[in-house]
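So this one's final.pdb, PDB, C-alpha atoms:
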```pdb
ATOM      1  CA  MET A 257      71.506  17.873-144.399
ATOM      2  CA  SER A 258      67.970  16.624-144.087
ATOM      3  CA  LEU A 259      67.288  15.105-147.483
ATOM      4  CA  GLY A 260      68.222  12.061-149.517
ATOM      5  CA  VAL A 261      67.072   8.584-150.480
ATOM      6  CA  ASP A 262      66.830   5.756-147.966
ATOM      7  CA  GLY A 263      68.293   2.369-148.787
ATOM      8  CA  CYS A 264      71.314   0.161-148.150
ATOM      9  CA  TRP A 265      74.536   1.916-149.143
ATOM     10  CA  SER A 266      78.308   1.530-149.270
ATOM     11  CA  SER A 267      80.785   4.178-148.093
ATOM     12  CA  ALA A 268      82.039   4.194-151.701
ATOM     13  CA  LEU A 269      78.662   5.388-153.032
ATOM     14  CA  ASP A 270      79.492   7.620-155.997
ATOM     15  CA  THR A 271      76.833  10.174-156.946
ATOM     16  CA  ILE A 272      76.875  13.871-157.796
ATOM     17  CA  GLU A 273      75.805  14.607-154.237
ATOM     18  CA  THR A 274      78.444  12.482-152.516
ATOM     19  CA  ARG A 275      81.157  13.887-154.811
ATOM     20  CA  LEU A 276      80.177  17.427-153.829
ATOM     21  CA  MET A 277      80.061  16.443-150.158
ATOM     22  CA  ASN A 278      83.544  14.954-150.346
ATOM     23  CA  GLU A 279      84.827  18.117-152.025
ATOM     24  CA  LEU A 280      83.373  20.171-149.188
ATOM     25  CA  MET A 281      84.905  17.924-146.531
ATOM     26  CA  ASN A 282      88.262  18.064-148.343
ATOM     27  CA  ALA A 283      87.977  21.845-147.991
ATOM     28  CA  GLY A 284      87.413  21.552-144.238
ATOM     29  CA  VAL A 285      83.618  21.747-144.053
ATOM     30  CA  SER A 286      81.940  19.361-141.606
ATOM     31  CA  ILE A 287      78.673  17.809-142.774
ATOM     32  CA  VAL A 288      75.926  16.574-140.447
ATOM     33  CA  VAL A 289      73.354  14.249-142.031
ATOM     34  CA  ALA A 290      70.002  12.978-140.766
ATOM     35  CA  MET A 291      70.032   9.163-140.902
ATOM     36  CA  GLY A 292      66.622   8.953-142.549
ATOM     37  CA  ASN A 293      63.415   7.259-141.438
ATOM     38  CA  SER A 294      62.163   3.851-142.416
ATOM     39  CA  LYS A 295      58.805   4.109-144.181
ATOM     40  CA  PRO A 296      58.165   0.474-145.160
ATOM     41  CA  ASN A 297      56.829  -2.034-142.628
ATOM     42  CA  ASN A 298      54.886   0.485-140.533
ATOM     43  CA  PHE A 299      57.971   2.621-139.834
ATOM     44  CA  LEU A 300      59.915  -0.263-138.301
ATOM     45  CA  SER A 301      63.501   0.164-139.456
ATOM     46  CA  THR A 302      65.621  -2.731-140.664
ATOM     47  CA  MET A 303      69.369  -3.139-140.651
ATOM     48  CA  CYS A 304      71.238  -1.374-143.466
ATOM     49  CA  PHE A 305      68.460   1.057-144.283
ATOM     50  CA  PHE A 306      69.523   4.686-144.089
ATOM     51  CA  ASN A 307      69.957   7.959-145.948
ATOM     52  CA  ALA A 308      72.339   7.711-148.918
ATOM     53  CA  LEU A 309      73.951  11.019-147.885
ATOM     54  CA  ALA A 310      75.099   9.325-144.665
ATOM     55  CA  ALA A 311      77.113   6.827-146.704
ATOM     56  CA  PRO A 312      80.433   8.781-146.940
ATOM     57  CA  ALA A 313      82.606   7.683-144.024
ATOM     58  CA  ARG A 314      83.563  11.195-142.876
ATOM     59  CA  VAL A 315      80.070  12.646-142.420
ATOM     60  CA  ILE A 316      78.496  12.941-138.968
ATOM     61  CA  SER A 317      75.273  10.944-139.210
ATOM     62  CA  VAL A 318      72.569  11.285-136.547
ATOM     63  CA  GLY A 319      69.906   8.864-135.327
ATOM     64  CA  ASN A 320      66.599   9.713-133.605
ATOM     65  CA  LEU A 321      66.278   9.171-129.844
ATOM     66  CA  ILE A 322      63.129   9.197-127.766
ATOM     67  CA  ALA A 323      64.128  11.420-124.841
ATOM     68  CA  PRO A 324      62.484  11.094-121.402
ATOM     69  CA  PRO A 325      59.750  11.434-120.359
ATOM     70  CA  ILE A 326      58.309  10.938-123.857
ATOM     71  CA  SER A 327      56.399   7.761-124.617
ATOM     72  CA  TYR A 328      55.974   7.266-128.349
ATOM     73  CA  GLY A 329      54.411   4.377-130.200
ATOM     74  CA  GLY A 330      54.849   2.061-127.228
ATOM     75  CA  GLN A 331      58.474   3.108-126.671
ATOM     76  CA  GLU A 332      59.765   4.988-123.635
ATOM     77  CA  GLY A 333      62.430   7.681-123.227
ATOM     78  CA  TRP A 334      66.120   7.128-123.997
ATOM     79  CA  SER A 335      65.518   4.514-126.630
ATOM     80  CA  ILE A 336      66.160   4.685-130.355
ATOM     81  CA  ASN A 337      63.017   5.462-132.315
ATOM     82  CA  LYS A 338      61.886   2.391-134.255
ATOM     83  CA  SER A 339      61.846   4.362-137.499
ATOM     84  CA  SER A 340      65.403   5.714-137.169
ATOM     85  CA  GLY A 341      67.691   4.593-140.008
ATOM     86  CA  ARG A 342      70.571   2.329-139.094
ATOM     87  CA  GLY A 343      73.619   0.532-140.473
ATOM     88  CA  PRO A 344      75.760  -1.266-141.234
ATOM     89  CA  ARG A 345      76.994   0.063-144.558
ATOM     90  CA  LEU A 346      77.180  -2.517-147.316
ATOM     91  CA  ASP A 347      80.979  -2.522-147.052
ATOM     92  CA  SER A 348      80.904  -2.437-143.207
ATOM     93  CA  VAL A 349      83.142   0.664-143.089
ATOM     94  CA  GLY A 350      82.574   2.238-139.668
ATOM     95  CA  ALA A 351      79.265   2.445-137.858
ATOM     96  CA  VAL A 352      76.246   4.515-138.847
ATOM     97  CA  PRO A 353      74.863   6.567-137.218
ATOM     98  CA  THR A 354      77.802   8.427-135.677
ATOM     99  CA  VAL A 355      75.701   9.448-132.660
ATOM    100  CA  SER A 356      72.050   9.804-131.685
ATOM    101  CA  ALA A 357      70.158  12.864-130.437
ATOM    102  CA  PRO A 358      66.589  13.689-129.347
ATOM    103  CA  GLY A 359      64.355  13.608-132.409
ATOM    104  CA  THR A 360      60.923  12.506-131.200
ATOM    105  CA  THR A 361      58.112  15.078-130.816
ATOM    106  CA  ILE A 362      60.599  17.959-130.948
ATOM    107  CA  SER A 363      59.056  21.440-130.661
ATOM    108  CA  ALA A 364      60.383  24.161-132.935
ATOM    109  CA  ALA A 365      59.278  27.486-134.355
ATOM    110  CA  ARG A 366      56.755  27.125-137.164
ATOM    111  CA  ALA A 367      57.831  28.899-140.351
ATOM    112  CA  GLY A 368      55.695  31.832-141.398
ATOM    113  CA  THR A 369      54.156  32.412-137.962
ATOM    114  CA  VAL A 370      54.734  34.647-134.947
ATOM    115  CA  ASN A 371      55.080  32.660-131.702
ATOM    116  CA  GLY A 372      53.805  29.552-133.462
ATOM    117  CA  TYR A 373      55.253  26.129-132.679
ATOM    118  CA  VAL A 374      55.086  22.728-134.280
ATOM    119  CA  ALA A 375      56.325  19.311-133.185
ATOM    120  CA  TYR A 376      57.644  16.663-135.528
ATOM    121  CA  THR A 377      59.411  13.352-135.228
ATOM    122  CA  GLY A 378      62.327  12.038-137.256
ATOM    123  CA  THR A 379      66.067  12.145-137.722
ATOM    124  CA  SER A 380      65.625  15.580-139.313
ATOM    125  CA  GLN A 381      64.716  16.811-135.817
ATOM    126  CA  ALA A 382      67.748  15.103-134.236
ATOM    127  CA  ALA A 383      70.440  16.283-136.664
ATOM    128  CA  PRO A 384      70.163  20.034-135.818
ATOM    129  CA  PHE A 385      71.209  19.330-132.212
ATOM    130  CA  VAL A 386      74.494  17.956-133.512
ATOM    131  CA  SER A 387      74.893  20.718-136.097
ATOM    132  CA  GLY A 388      74.645  23.273-133.305
ATOM    133  CA  LEU A 389      77.250  21.389-131.278
ATOM    134  CA  ALA A 390      79.642  21.346-134.241
ATOM    135  CA  ALA A 391      79.100  25.077-134.799
ATOM    136  CA  GLY A 392      79.878  25.786-131.148
ATOM    137  CA  MET A 393      83.064  23.754-131.367
ATOM    138  CA  LEU A 394      84.215  25.769-134.367
ATOM    139  CA  ASP A 395      83.384  28.960-132.531
ATOM    140  CA  ALA A 396      85.743  27.843-129.756
ATOM    141  CA  ASN A 397      88.417  26.623-132.166
ATOM    142  CA  PRO A 398      87.994  27.509-135.874
ATOM    143  CA  TYR A 399      91.018  25.376-136.803
ATOM    144  CA  LEU A 400      89.420  22.032-135.961
ATOM    145  CA  SER A 401      89.485  19.549-138.823
ATOM    146  CA  VAL A 402      86.532  17.561-140.099
ATOM    147  CA  ALA A 403      87.965  14.437-138.457
ATOM    148  CA  GLN A 404      88.559  16.166-135.118
ATOM    149  CA  ILE A 405      85.002  17.473-134.905
ATOM    150  CA  LYS A 406      83.573  14.046-135.628
ATOM    151  CA  ASP A 407      85.932  12.331-133.170
ATOM    152  CA  TYR A 408      85.134  14.727-130.325
ATOM    153  CA  ILE A 409      81.387  14.370-130.826
ATOM    154  CA  ALA A 410      81.590  10.566-131.006
ATOM    155  CA  ASN A 411      84.137  10.050-128.238
ATOM    156  CA  TYR A 412      82.221  12.063-125.646
ATOM    157  CA  ALA A 413      78.770  10.685-126.389
ATOM    158  CA  GLU A 414      77.162   8.599-123.664
ATOM    159  CA  THR A 415      77.441   4.917-124.371
ATOM    160  CA  THR A 416      74.285   2.814-124.415
ATOM    161  CA  GLY A 417      76.057  -0.336-123.315
ATOM    162  CA  GLY A 418      77.387  -3.144-125.446
ATOM    163  CA  THR A 419      79.590  -2.456-128.436
ATOM    164  CA  LYS A 420      80.512   1.175-129.037
ATOM    165  CA  PRO A 421      80.030   2.295-131.697
ATOM    166  CA  ASN A 422      77.189   0.173-133.006
ATOM    167  CA  ASN A 423      74.869   0.422-135.985
ATOM    168  CA  VAL A 424      71.779   1.450-134.015
ATOM    169  CA  TYR A 425      72.837   4.225-131.583
ATOM    170  CA  GLY A 426      76.275   4.869-133.044
ATOM    171  CA  SER A 427      78.533   6.011-130.197
ATOM    172  CA  GLY A 428      75.501   6.812-128.043
ATOM    173  CA  TYR A 429      73.613   9.894-126.881
ATOM    174  CA  VAL A 430      75.360  13.084-127.936
ATOM    175  CA  ARG A 431      76.530  15.153-124.939
ATOM    176  CA  ALA A 432      77.282  18.770-125.780
ATOM    177  CA  PHE A 433      78.628  19.835-122.378
ATOM    178  CA  GLU A 434      81.054  16.910-122.084
ATOM    179  CA  THR A 435      82.257  17.528-125.648
ATOM    180  CA  TYR A 436      82.912  21.227-124.969
ATOM    181  CA  LYS A 437      84.739  20.421-121.727
ATOM    182  CA  ALA A 438      87.044  17.998-123.524
ATOM    183  CA  LEU A 439      87.640  20.426-126.369
ATOM    184  CA  LEU A 440      88.548  23.266-123.995
ATOM    185  CA  GLY A 441      90.629  21.074-121.701
ATOM    186  CA  SER A 442      88.440  21.830-118.701
ATOM    187  CA  SER A 443      87.727  19.499-115.808
ATOM    188  CA  SER A 444      85.680  22.047-113.852
ATOM    189  CA  THR A 445      81.934  22.006-113.366
ATOM    190  CA  TRP A 446      80.143  24.715-115.297
ATOM    191  CA  ASP A 447      78.254  27.156-113.097
ATOM    192  CA  ASP A 448      76.970  30.571-114.148
ATOM    193  CA  GLY A 449      75.612  31.363-110.689
ATOM    194  CA  TYR A 450      72.027  30.587-111.640
ATOM    195  CA  ASN A 451      69.950  27.564-110.796
ATOM    196  CA  HIS A 452      68.573  25.742-113.816
ATOM    197  CA  TYR A 453      65.435  23.642-113.592
ATOM    198  CA  ASP A 454      64.829  21.718-116.773
ATOM    199  CA  PHE A 455      61.442  20.135-116.258
ATOM    200  CA  GLY A 456      61.514  18.703-119.755
ATOM    201  CA  ALA A 457      58.681  17.812-122.100
ATOM    202  CA  TRP A 458      55.250  16.838-120.833
ATOM    203  CA  CYS A 459      51.811  16.130-122.251
ATOM    204  CA  ILE A 460      48.449  16.816-120.648
ATOM    205  CA  ARG A 461      44.875  16.089-121.713
ATOM    206  CA  THR A 462      42.865  17.086-118.616
ATOM    207  CA  GLY A 463      43.618  18.415-115.132
ATOM    208  CA  SER A 464      46.950  19.996-114.254
ATOM    209  CA  LEU A 465      50.596  19.259-113.495
ATOM    210  CA  THR A 466      52.657  21.157-110.903
ATOM    211  CA  TYR A 467      56.434  21.680-110.839
ATOM    212  CA  THR A 468      58.383  22.982-107.829
ATOM    213  CA  PHE A 469      61.659  24.882-107.748
ATOM    214  CA  ALA A 470      63.621  26.432-104.874
ATOM    215  CA  ARG A 471      64.506  30.122-104.860
ATOM    216  CA  PRO A 472      67.384  30.755-102.394
ATOM    217  CA  THR A 473      67.650  34.518-103.019
ATOM    218  CA  ASN A 474      65.409  37.241-104.432
ATOM    219  CA  ASN A 475      68.024  39.328-106.243
ATOM    220  CA  LYS A 476      68.117  37.477-109.568
ATOM    221  CA  VAL A 477      65.878  37.471-112.578
ATOM    222  CA  ILE A 478      63.660  34.407-112.808
ATOM    223  CA  SER A 479      63.007  33.389-116.398
ATOM    224  CA  GLY A 480      60.591  30.671-117.359
ATOM    225  CA  THR A 481      59.930  29.182-120.764
ATOM    226  CA  VAL A 482      56.713  27.329-121.540
ATOM    227  CA  ALA A 483      56.956  26.231-125.142
ATOM    228  CA  VAL A 484      53.585  24.920-126.284
ATOM    229  CA  HIS A 485      53.110  23.845-129.856
ATOM    230  CA  ASN A 486      50.291  23.525-132.313
ATOM    231  CA  TYR A 487      50.558  19.777-132.360
ATOM    232  CA  SER A 488      51.172  18.047-135.672
ATOM    233  CA  ASP A 489      52.516  14.551-136.151
ATOM    234  CA  ARG A 490      51.975  11.495-138.269
ATOM    235  CA  ASN A 491      49.867   9.801-135.624
ATOM    236  CA  ALA A 492      47.499  12.665-134.725
ATOM    237  CA  PRO A 493      45.573  15.495-136.365
ATOM    238  CA  THR A 494      46.808  19.088-136.195
ATOM    239  CA  TYR A 495      45.173  21.163-133.457
ATOM    240  CA  THR A 496      45.829  24.187-131.231
ATOM    241  CA  PRO A 497      45.598  23.370-127.504
ATOM    242  CA  SER A 498      44.799  25.994-124.867
ATOM    243  CA  LEU A 499      46.498  25.914-121.477
ATOM    244  CA  ARG A 500      46.738  28.019-118.326
ATOM    245  CA  VAL A 501      50.089  28.593-116.615
ATOM    246  CA  ASP A 502      50.124  29.801-112.992
ATOM    247  CA  LEU A 503      53.324  30.868-111.260
ATOM    248  CA  LYS A 504      52.767  30.467-107.484
ATOM    249  CA  SER A 505      54.825  32.059-104.720
ATOM    250  CA  PRO A 506      55.826  30.187-101.509
ATOM    251  CA  ASP A 507      52.556  31.232 -99.806
ATOM    252  CA  ASN A 508      50.718  29.453-102.673
ATOM    253  CA  SER A 509      49.257  32.678-104.045
ATOM    254  CA  ILE A 510      49.309  33.204-107.813
ATOM    255  CA  TYR A 511      52.144  35.595-108.664
ATOM    256  CA  ARG A 512      51.776  35.564-112.452
ATOM    257  CA  SER A 513      49.273  33.847-114.709
ATOM    258  CA  ALA A 514      48.744  33.393-118.432
ATOM    259  CA  SER A 515      46.237  31.422-120.432
ATOM    260  CA  GLY A 516      45.180  30.908-123.996
ATOM    261  CA  PRO A 517      46.071  28.976-127.124
ATOM    262  CA  ALA A 518      49.560  27.659-127.726
ATOM    263  CA  SER A 519      50.789  30.715-129.603
ATOM    264  CA  THR A 520      50.172  33.065-126.634
ATOM    265  CA  LEU A 521      52.125  31.163-123.969
ATOM    266  CA  SER A 522      55.848  31.634-124.016
ATOM    267  CA  VAL A 523      57.998  33.276-121.346
ATOM    268  CA  PHE A 524      57.540  34.773-117.880
ATOM    269  CA  ARG A 525      60.219  36.932-116.289
ATOM    270  CA  PHE A 526      60.441  38.808-112.982
ATOM    271  CA  THR A 527      63.006  40.025-110.430
ATOM    272  CA  SER A 528      61.110  40.360-107.158
ATOM    273  CA  GLY A 529      59.234  38.012-104.883
ATOM    274  CA  LEU A 530      59.798  35.823-101.848
ATOM    275  CA  THR A 531      62.499  33.233-101.378
ATOM    276  CA  GLY A 532      61.515  29.612-100.845
ATOM    277  CA  LYS A 533      59.586  26.989-102.782
ATOM    278  CA  TRP A 534      57.917  28.296-105.929
ATOM    279  CA  LYS A 535      55.553  26.381-108.193
ATOM    280  CA  VAL A 536      54.577  26.403-111.838
ATOM    281  CA  GLN A 537      51.170  24.851-112.457
ATOM    282  CA  VAL A 538      50.124  23.980-115.999
ATOM    283  CA  SER A 539      46.408  23.260-116.485
ATOM    284  CA  ALA A 540      44.411  22.060-119.463
ATOM    285  CA  ILE A 541      41.763  24.466-120.732
ATOM    286  CA  ASP A 542      40.857  23.023-124.118
ATOM    287  CA  THR A 543      42.898  20.177-125.554
ATOM    288  CA  GLN A 544      40.183  19.100-128.002
ATOM    289  CA  GLY A 545      40.319  15.612-126.555
ATOM    290  CA  GLN A 546      43.972  15.232-127.503
ATOM    291  CA  TYR A 547      47.212  15.466-125.539
ATOM    292  CA  ALA A 548      48.636  18.994-125.367
ATOM    293  CA  CYS A 549      52.415  18.785-125.211
ATOM    294  CA  TYR A 550      54.766  21.444-123.903
ATOM    295  CA  TYR A 551      58.292  22.003-122.644
ATOM    296  CA  LEU A 552      58.994  23.739-119.339
ATOM    297  CA  ASP A 553      62.258  25.294-118.182
ATOM    298  CA  VAL A 554      62.937  27.703-115.302
ATOM    299  CA  THR A 555      66.151  29.605-114.552
ATOM    300  CA  ASP A 556      66.644  31.484-111.272
TER     301      ASP A 556
END
```
Rendering of file as structure tokens:
Amino acid sequence: MSLGVDGCWSSALDTIETRLMNELMNAGVSIVVAMGNSKPNNFLSTMCFFNALAAPARVISVGNLIAPPISYGGQEGWSINKSSGRGPRLDSVGAVPTVSAPGTTISAARAGTVNGYVAYTGTSQAAPFVSGLAAGMLDANPYLSVAQIKDYIANYAETTGGTKPNNVYGSGYVRAFETYKALLGSSSTWDDGYNHYDFGAWCIRTGSLTYTFARPTNNKVISGTVAVHNYSDRNAPTYTPSLRVDLKSPDNSIYRSASGPASTLSVFRFTSGLTGKWKVQVSAIDTQGQYACYYLDVTD
């Protein structure tokens, strides 16, 4: 749920919405709620200022993390965004948020477009990560209760130090893989036989950035995702950056190349080529004087 009214609330808040939510949870439906974003005081959140729909004690409420290597408003990665709503509740029942998830400059598909992306910041961008985790848990075990889902997600989050849970990060950074492992009773390390290179989110204004990955064999499909968005955020105008992406083989020759505005750059995929050190080079073509941000992931 990504809606509501921000303020200082008690777990006993009694509105039409919270009554309906409690009826749903009584029926076994888990509810994930965005914590809300502080608008007063230049988006600097204060204690006990959060979304009213996060007030019921059984909901899974989610705060907004800045994930590395993002720098945002003077803050660096793996810190809580200054605008993210936080507890405590008026009656000090439990901690809010339950957990935190990446919610700063998150790229997603833009509604009503083909291959269009947009990036926004807020707890509404963080909550879907946790909703997806809860859905995956129910796929593995449809008999999990509302309380069990919340406990698993909270108990296997990564602590941020100090008191856990607390009213800023909750129980910490949500960790999907560790939660699934605990749920399935597995102590093994997940390995699908492919090498995953998550180069994360980057921003470029001029020049180029190069990323290297090792290819031990040449009998697998290499898939690469370059998700570039038409940038839109509170602190910058909307614009469409143009980039060039070069995939370079171990002899430094260009194996595949693509260039153009954000909407034309997406995925490369191939099955042949040399083994050894490969490179992905991302270069700025026209960023209109702004930072063009993208996410890069390669799977071999």
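Closest approach to Ser340 in chain A from the set A:Asp262, A:Asp502, A:Asp542, A:Asp407 is made by A:Asp262, with distances taken over all atoms listed in the file.
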Could you work out an axis-aligned box for range 504-518 of chain A, taking every atom the file lists and adding 8 Å on each side, and report centre and edge lengths in Å to one decimal, as lines of an AutoDock Vina configuration file?
```
center_x = 50.5
center_y = 31.6
center_z = -113.8
size_x = 26.6
size_y = 23.9
size_z = 43.9
```
Exercise. For the structure shown, which residues end up in the PyMOL selection byres ((chain A and resi 356) around 10)? Put them as a ChimeraX atom specification, please?
Key: /A:290-291,317-322,335-336,340,352-355,357-359,379,382-383,385-386,410,413-414,424-431
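Taking all atoms listed in the file into account, Tyr376 in chain A lies nearest to A:Ala364 out of the set A:Ile272, A:Ala364, A:Ile326, A:Val289.
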Exercise. Please evaluate the PyMOL selection byres ((chain A and resi 440-442) around 12) against the displayed coordinates and give the resulting residues as number ranges by chain.
Key: A: 392-397, 408, 433-439, 443-446
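For the set A:Gly529, A:Gly463, A:Thr369, A:Gly388, the residue with the smallest atom-to-atom gap to Ile541 in chain A is A:Gly463, counting only C-alpha atoms.
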Quiz item: Can you list what the PyMOL selection byres ((chain A and resi 464) around 8) grabs from this structure, as a list in words?
Solution: Ile460, Thr462, Gly463, Leu465, Thr466, Gln537, Val538, Ser539 and Ala540 of chain A
Neighbours of point (70.8, 6.7, -143.0) within 6 Å, using all atoms listed in the file, written as an mmCIF file with C-alpha atoms, keeping the file's coordinate frame:
```cif
data_model
loop_
_atom_site.group_PDB
_atom_site.id
_atom_site.type_symbol
_atom_site.label_atom_id
_atom_site.label_comp_id
_atom_site.auth_asym_id
_atom_site.auth_seq_id
_atom_site.Cartn_x
_atom_site.Cartn_y
_atom_site.Cartn_z
ATOM 1 C CA MET A 291 70.032 9.163 -140.902
ATOM 2 C CA GLY A 292 66.622 8.953 -142.549
ATOM 3 C CA PHE A 306 69.523 4.686 -144.089
ATOM 4 C CA ASN A 307 69.957 7.959 -145.948
ATOM 5 C CA ALA A 310 75.099 9.325 -144.665
ATOM 6 C CA GLY A 341 67.691 4.593 -140.008
ATOM 7 C CA ARG A 342 70.571 2.329 -139.094
#
```
Exercise. Report the distance between CA of Asp507 in chain A and CA of Cys459 in chain A in Å, rounded to one decimal place.
Key: 27.1 Å
